[in-house]
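For reference, work-v5.cif is printed below; it contains mmCIF, C-alpha atoms and all ligand atoms.
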data_protein
loop_
_atom_site.label_atom_id
_atom_site.label_comp_id
_atom_site.auth_asym_id
_atom_site.auth_seq_id
_atom_site.Cartn_x
_atom_site.Cartn_y
_atom_site.Cartn_z
CA MET T 1 -53.38 60.96 3.66
CA LYS T 2 -54.48 61.60 7.21
CA ASN T 3 -57.67 63.14 5.88
CA VAL T 4 -58.48 60.10 3.80
CA VAL T 5 -58.16 57.89 6.85
CA LEU T 6 -60.37 60.25 8.80
CA VAL T 7 -63.04 60.30 6.13
CA LEU T 8 -62.93 56.54 5.75
CA SER T 9 -63.25 55.94 9.44
CA PHE T 10 -66.14 58.37 9.52
CA PHE T 11 -68.03 56.40 6.91
CA PHE T 12 -67.10 53.20 8.66
CA PHE T 13 -68.56 54.61 11.83
CA LEU T 14 -71.74 55.59 10.00
CA SER T 15 -72.19 52.20 8.42
CA CYS T 16 -71.72 50.51 11.77
CA LYS T 17 -74.45 52.61 13.26
CA LYS T 18 -77.01 51.41 10.75
CA GLU T 19 -79.40 48.80 12.04
CA SER T 20 -79.67 46.95 8.76
CA ALA T 21 -77.14 44.26 8.07
CA THR T 22 -76.74 45.19 4.42
CA THR T 23 -73.35 46.32 3.22
CA GLU T 24 -74.76 47.68 -0.01
CA ASN T 25 -73.93 51.15 -1.19
CA PRO T 26 -76.90 53.35 -0.23
CA ILE T 27 -76.69 55.08 -3.60
CA ASP T 28 -76.86 51.77 -5.44
CA LYS T 29 -79.93 51.91 -7.66
CA THR T 30 -80.60 48.20 -7.24
CA ALA T 31 -81.11 48.67 -3.50
CA SER T 32 -84.57 50.11 -3.86
CA ALA T 33 -85.32 49.61 -0.18
CA THR T 34 -82.76 52.20 0.85
CA LYS T 35 -83.82 55.70 0.00
CA PRO T 36 -80.97 57.76 -1.43
CA SER T 37 -80.01 60.76 0.64
CA GLY T 38 -79.88 64.07 -1.19
CA GLN T 39 -76.72 65.00 0.61
CA GLU T 40 -74.95 61.80 -0.42
CA LEU T 41 -75.95 62.37 -4.02
CA PHE T 42 -74.94 66.01 -3.89
CA GLU T 43 -71.54 65.43 -2.33
CA GLY T 44 -70.82 61.97 -3.69
CA THR T 45 -72.30 60.69 -6.94
CA GLY T 46 -73.12 64.10 -8.37
CA ASN T 47 -69.94 65.83 -7.18
CA CYS T 48 -72.04 68.99 -7.09
CA THR T 49 -70.01 70.45 -4.21
CA ALA T 50 -67.22 71.11 -6.70
CA CYS T 51 -69.21 74.13 -7.88
CA HIS T 52 -71.95 74.71 -5.31
CA LYS T 53 -71.45 75.68 -1.67
CA PRO T 54 -74.27 76.31 0.81
CA ASP T 55 -73.81 80.03 1.37
CA GLN T 56 -71.38 81.43 -1.16
CA LYS T 57 -71.06 81.55 -4.89
CA VAL T 58 -68.12 79.54 -6.16
CA ILE T 59 -68.37 78.49 -9.78
CA GLY T 60 -72.10 78.00 -9.51
CA PRO T 61 -74.64 79.92 -7.42
CA SER T 62 -74.92 79.11 -3.70
CA LEU T 63 -77.51 76.58 -2.59
CA GLN T 64 -79.23 79.32 -0.63
CA GLU T 65 -79.65 81.39 -3.75
CA ILE T 66 -80.88 78.45 -5.82
CA ALA T 67 -83.35 77.45 -3.09
CA LYS T 68 -84.63 81.01 -2.74
CA ILE T 69 -85.24 81.50 -6.45
CA TYR T 70 -86.78 78.07 -6.97
CA LYS T 71 -89.16 78.66 -4.08
CA GLU T 72 -90.09 82.15 -5.24
CA LYS T 73 -90.74 81.01 -8.79
CA ASN T 74 -92.14 77.66 -7.76
CA GLY T 75 -89.72 75.96 -10.17
CA SER T 76 -88.86 72.27 -10.41
CA ILE T 77 -85.23 71.35 -9.83
CA VAL T 78 -86.06 67.80 -10.89
CA ALA T 79 -87.20 69.05 -14.31
CA PHE T 80 -84.13 71.28 -14.60
CA LEU T 81 -81.77 68.37 -13.88
CA GLN T 82 -83.55 66.31 -16.52
CA GLU T 83 -82.94 69.17 -18.96
CA GLN T 84 -86.68 69.67 -19.29
CA SER T 85 -86.88 73.23 -18.06
CA GLU T 86 -84.92 76.42 -18.62
CA PRO T 87 -82.37 77.84 -16.15
CA ILE T 88 -83.86 80.52 -13.91
CA VAL T 89 -81.00 81.28 -11.52
CA ASP T 90 -78.12 82.33 -13.77
CA PRO T 91 -78.89 81.64 -17.42
CA SER T 92 -75.65 83.35 -18.53
CA GLN T 93 -73.66 80.49 -16.95
CA TYR T 94 -75.97 77.72 -18.12
CA GLU T 95 -73.35 76.16 -20.42
CA VAL T 96 -71.16 75.34 -17.38
CA MET T 97 -74.01 73.65 -15.55
CA LYS T 98 -75.16 71.74 -18.63
CA THR T 99 -72.17 69.38 -18.51
CA ASN T 100 -73.67 67.84 -15.35
CA PHE T 101 -76.81 66.63 -17.05
CA ALA T 102 -74.80 63.60 -18.22
CA ILE T 103 -74.74 62.59 -14.54
CA THR T 104 -78.15 63.78 -13.39
CA LYS T 105 -79.97 62.20 -16.32
CA GLN T 106 -78.66 58.83 -15.12
CA MET T 107 -80.34 59.38 -11.78
CA SER T 108 -83.79 58.05 -10.98
CA GLU T 109 -86.74 60.34 -10.35
CA GLU T 110 -86.48 59.46 -6.67
CA GLU T 111 -82.82 60.43 -6.52
CA LEU T 112 -83.48 63.74 -8.28
CA LYS T 113 -86.31 64.44 -5.85
CA ALA T 114 -83.92 63.78 -2.95
CA LEU T 115 -81.43 66.23 -4.50
CA GLU T 116 -84.19 68.80 -4.93
CA ASP T 117 -85.29 68.45 -1.29
CA TYR T 118 -81.69 68.76 -0.17
CA ILE T 119 -81.14 71.99 -2.15
CA LEU T 120 -84.49 73.53 -1.14
CA GLY T 121 -83.59 72.89 2.49
CA PHE T 122 -81.06 75.72 2.23
CA SER T 123 -83.62 78.47 1.74
CA GLN T 124 -83.88 80.82 4.66
C1 LIG T 201 -68.72 72.54 -13.15
C2 LIG T 201 -69.42 73.29 -12.12
C3 LIG T 201 -70.79 72.76 -11.67
C4 LIG T 201 -71.09 71.53 -11.16
C5 LIG T 201 -70.16 70.35 -10.92
C6 LIG T 201 -72.51 71.57 -10.84
N1 LIG T 201 -73.03 72.79 -11.15
FE1 LIG T 201 -74.97 73.38 -10.86
N2 LIG T 201 -74.53 75.18 -11.70
C7 LIG T 201 -73.29 75.59 -12.14
C8 LIG T 201 -73.40 76.92 -12.69
C9 LIG T 201 -72.25 77.74 -13.29
C10 LIG T 201 -74.75 77.31 -12.56
C11 LIG T 201 -75.40 78.64 -13.01
C12 LIG T 201 -76.04 78.42 -14.36
C13 LIG T 201 -77.50 78.11 -14.27
O1 LIG T 201 -78.23 78.76 -13.48
O2 LIG T 201 -77.96 77.21 -15.01
C14 LIG T 201 -75.44 76.18 -11.93
C15 LIG T 201 -76.80 76.16 -11.61
C16 LIG T 201 -77.45 75.14 -10.95
C17 LIG T 201 -78.85 75.16 -10.60
C18 LIG T 201 -79.81 76.30 -10.88
C19 LIG T 201 -80.41 76.11 -12.25
C20 LIG T 201 -81.20 77.26 -12.76
O3 LIG T 201 -82.44 77.16 -12.83
O4 LIG T 201 -80.62 78.29 -13.14
C21 LIG T 201 -79.12 73.97 -9.98
C22 LIG T 201 -80.45 73.50 -9.44
C23 LIG T 201 -77.88 73.21 -9.96
N3 LIG T 201 -76.88 73.96 -10.56
C24 LIG T 201 -77.75 71.95 -9.41
C25 LIG T 201 -76.60 71.19 -9.50
C26 LIG T 201 -76.52 69.81 -9.08
C27 LIG T 201 -77.64 69.02 -8.45
C28 LIG T 201 -75.23 69.39 -9.35
C29 LIG T 201 -74.64 68.01 -9.15
C30 LIG T 201 -75.30 66.94 -9.90
C31 LIG T 201 -74.52 70.53 -9.92
N4 LIG T 201 -75.37 71.58 -10.01
C32 LIG T 201 -73.19 70.50 -10.31
C33 LIG T 201 -72.12 74.86 -12.09
C34 LIG T 201 -72.01 73.55 -11.67
#

When written as structure tokens, how does the structure in this file appear?
Ligand code: HEC
Amino acid sequence: MKNVVLVLSFFFFLSCKKESATTENPIDKTASATKPSGQELFEGTGNCTACHKPDQKVIGPSLQEIAKIYKEKNGSIVAFLQEQSEPIVDPSQYEVMKTNFAITKQMSEEELKALEDYILGFSQ
């Protein structure tokens, strides 16, 4: 319970800091003026953190590993999340990842690009 209060006050703090007077959810697709943040999508809407951590494999590969392989192979994470390209990181576990396409296919191109930038930022 204490944690929830902490998290809430953190977001409250963040929203107060914003210059804009809008109270809209930044992930709201109708608010085209506000660019979605990859981190918000990754941790919030997409709930990707349930299986992906920055530097260690949990259920899915680490973000560092994904970023490294996608950079090496010059792959498109946007295309992958639209189910338009094949898995290149760990094809043997693809079935587990596939369930998330229901969420990512609802996301706009811009949101997927933000997610891709966020993930690629973890390459070393
Ligand atoms: C239920 C657990 C789970 C969740 C939730 C999950 N993933 Fe994954 N993800 C996996 C697993 C397992 C793999 C390894 C299989 C693979 O490479 O396709 C993977 C692989 C990936 C890959 C590498 C794909 C490739 O080419 O092999 C990307 C990119 C990715 N996930 C992004 C995401 C994003 C973005 C989200 C949130 C929208 C997400 N994942 C949510 C389990 C998950």

>> Taking all atoms listed in the file into account, which residues have an atom no farther than 6 Å from ligand LIG 201 (chain T)? I'd like them as a PyMOL selection string.
In response: chain T and resi 42+46-48+50-51+59-61+66+77+87-91+93-94+96-97+100+104

> Do you have the atom CA of Lys73 of chain T-atom CA of Glu116 of chain T distance handy?
Replying inline: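 If I compute the distance from atom CA of Lys73 of chain T to atom CA of Glu116 of chain T, I get 14.4 Å.
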
> Which residue gives the smallest distance to Phe101 of chain T among T:Val58, T:Ala79, T:Leu63, T:Ile69, with all atoms listed in the file counted?
Replying inline: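 Distance minimum relative to Phe101 of chain T lands on T:Ala79.
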
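From atom CA of Lys35 of chain T back to atom CA of His52 of chain T, the distance works out to 23.0 Å.
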
> Which of these, T:Ser37, T:Ser62, T:Gln106, T:Gln56, has the shortest distance to Gln82 of chain T once you count only C-alpha atoms?
Replying inline: T:Gln106

> In terms of the shortest atom-to-atom distance over only C-alpha atoms, which of T:Ser123, T:Ser108, T:Thr49, T:Gln84 is closest to Gln64 of chain T?
Replying inline: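 Of T:Ser123, T:Ser108, T:Thr49, T:Gln84, the one nearest Gln64 of chain T, counting only C-alpha atoms, is T:Ser123.
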
> atom CA of Leu81 of chain T and atom CA of Lys113 of chain T, how far apart in Å?
Replying inline: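 Rounded to one decimal, the two atoms are 10.0 Å apart.
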
Could you complete segment 76-90 of chain T so that it carries N, CA, C and O atoms, and give it back as a PDB file, keeping the file's coordinate frame?
ATOM      1  N   SER T  76     -89.148  73.675 -10.703  1.00  0.00           N
ATOM      2  CA  SER T  76     -88.860  72.270 -10.410  1.00  0.00           C
ATOM      3  C   SER T  76     -87.392  71.986 -10.696  1.00  0.00           C
ATOM      4  O   SER T  76     -86.941  72.038 -11.845  1.00  0.00           O
ATOM      5  N   ILE T  77     -86.639  71.689  -9.643  1.00  0.00           N
ATOM      6  CA  ILE T  77     -85.230  71.350  -9.830  1.00  0.00           C
ATOM      7  C   ILE T  77     -85.108  69.992 -10.514  1.00  0.00           C
ATOM      8  O   ILE T  77     -84.205  69.754 -11.306  1.00  0.00           O
ATOM      9  N   VAL T  78     -86.069  69.109 -10.229  1.00  0.00           N
ATOM     10  CA  VAL T  78     -86.060  67.800 -10.890  1.00  0.00           C
ATOM     11  C   VAL T  78     -86.118  67.980 -12.404  1.00  0.00           C
ATOM     12  O   VAL T  78     -85.313  67.427 -13.148  1.00  0.00           O
ATOM     13  N   ALA T  79     -87.057  68.813 -12.868  1.00  0.00           N
ATOM     14  CA  ALA T  79     -87.200  69.050 -14.310  1.00  0.00           C
ATOM     15  C   ALA T  79     -85.937  69.692 -14.881  1.00  0.00           C
ATOM     16  O   ALA T  79     -85.468  69.332 -15.965  1.00  0.00           O
ATOM     17  N   PHE T  80     -85.364  70.630 -14.129  1.00  0.00           N
ATOM     18  CA  PHE T  80     -84.130  71.280 -14.600  1.00  0.00           C
ATOM     19  C   PHE T  80     -83.018  70.258 -14.794  1.00  0.00           C
ATOM     20  O   PHE T  80     -82.321  70.268 -15.807  1.00  0.00           O
ATOM     21  N   LEU T  81     -82.860  69.353 -13.818  1.00  0.00           N
ATOM     22  CA  LEU T  81     -81.770  68.370 -13.880  1.00  0.00           C
ATOM     23  C   LEU T  81     -82.013  67.291 -14.923  1.00  0.00           C
ATOM     24  O   LEU T  81     -81.118  66.532 -15.274  1.00  0.00           O
ATOM     25  N   GLN T  82     -83.259  67.233 -15.418  1.00  0.00           N
ATOM     26  CA  GLN T  82     -83.550  66.310 -16.520  1.00  0.00           C
ATOM     27  C   GLN T  82     -83.474  67.051 -17.844  1.00  0.00           C
ATOM     28  O   GLN T  82     -83.845  66.533 -18.883  1.00  0.00           O
ATOM     29  N   GLU T  83     -83.037  68.279 -17.798  1.00  0.00           N
ATOM     30  CA  GLU T  83     -82.940  69.170 -18.960  1.00  0.00           C
ATOM     31  C   GLU T  83     -84.297  69.377 -19.621  1.00  0.00           C
ATOM     32  O   GLU T  83     -84.429  69.424 -20.827  1.00  0.00           O
ATOM     33  N   GLN T  84     -85.329  69.473 -18.751  1.00  0.00           N
ATOM     34  CA  GLN T  84     -86.680  69.670 -19.290  1.00  0.00           C
ATOM     35  C   GLN T  84     -87.214  71.057 -19.006  1.00  0.00           C
ATOM     36  O   GLN T  84     -88.332  71.384 -19.373  1.00  0.00           O
ATOM     37  N   SER T  85     -86.430  71.860 -18.282  1.00  0.00           N
ATOM     38  CA  SER T  85     -86.880  73.230 -18.060  1.00  0.00           C
ATOM     39  C   SER T  85     -85.676  74.169 -18.180  1.00  0.00           C
ATOM     40  O   SER T  85     -84.530  73.739 -18.093  1.00  0.00           O
ATOM     41  N   GLU T  86     -85.958  75.426 -18.389  1.00  0.00           N
ATOM     42  CA  GLU T  86     -84.920  76.420 -18.620  1.00  0.00           C
ATOM     43  C   GLU T  86     -84.272  76.863 -17.302  1.00  0.00           C
ATOM     44  O   GLU T  86     -84.903  76.813 -16.252  1.00  0.00           O
ATOM     45  N   PRO T  87     -83.002  77.317 -17.369  1.00  0.00           N
ATOM     46  CA  PRO T  87     -82.370  77.840 -16.150  1.00  0.00           C
ATOM     47  C   PRO T  87     -83.045  79.138 -15.712  1.00  0.00           C
ATOM     48  O   PRO T  87     -83.388  79.969 -16.556  1.00  0.00           O
ATOM     49  N   ILE T  88     -83.234  79.303 -14.399  1.00  0.00           N
ATOM     50  CA  ILE T  88     -83.860  80.520 -13.910  1.00  0.00           C
ATOM     51  C   ILE T  88     -82.969  81.260 -12.901  1.00  0.00           C
ATOM     52  O   ILE T  88     -83.280  82.352 -12.484  1.00  0.00           O
ATOM     53  N   VAL T  89     -81.858  80.635 -12.515  1.00  0.00           N
ATOM     54  CA  VAL T  89     -81.000  81.280 -11.520  1.00  0.00           C
ATOM     55  C   VAL T  89     -79.951  82.157 -12.201  1.00  0.00           C
ATOM     56  O   VAL T  89     -79.848  83.346 -11.931  1.00  0.00           O
ATOM     57  N   ASP T  90     -79.174  81.575 -13.093  1.00  0.00           N
ATOM     58  CA  ASP T  90     -78.120  82.330 -13.770  1.00  0.00           C
ATOM     59  C   ASP T  90     -77.946  81.831 -15.208  1.00  0.00           C
ATOM     60  O   ASP T  90     -76.964  81.159 -15.530  1.00  0.00           O
TER      61      ASP T  90
END
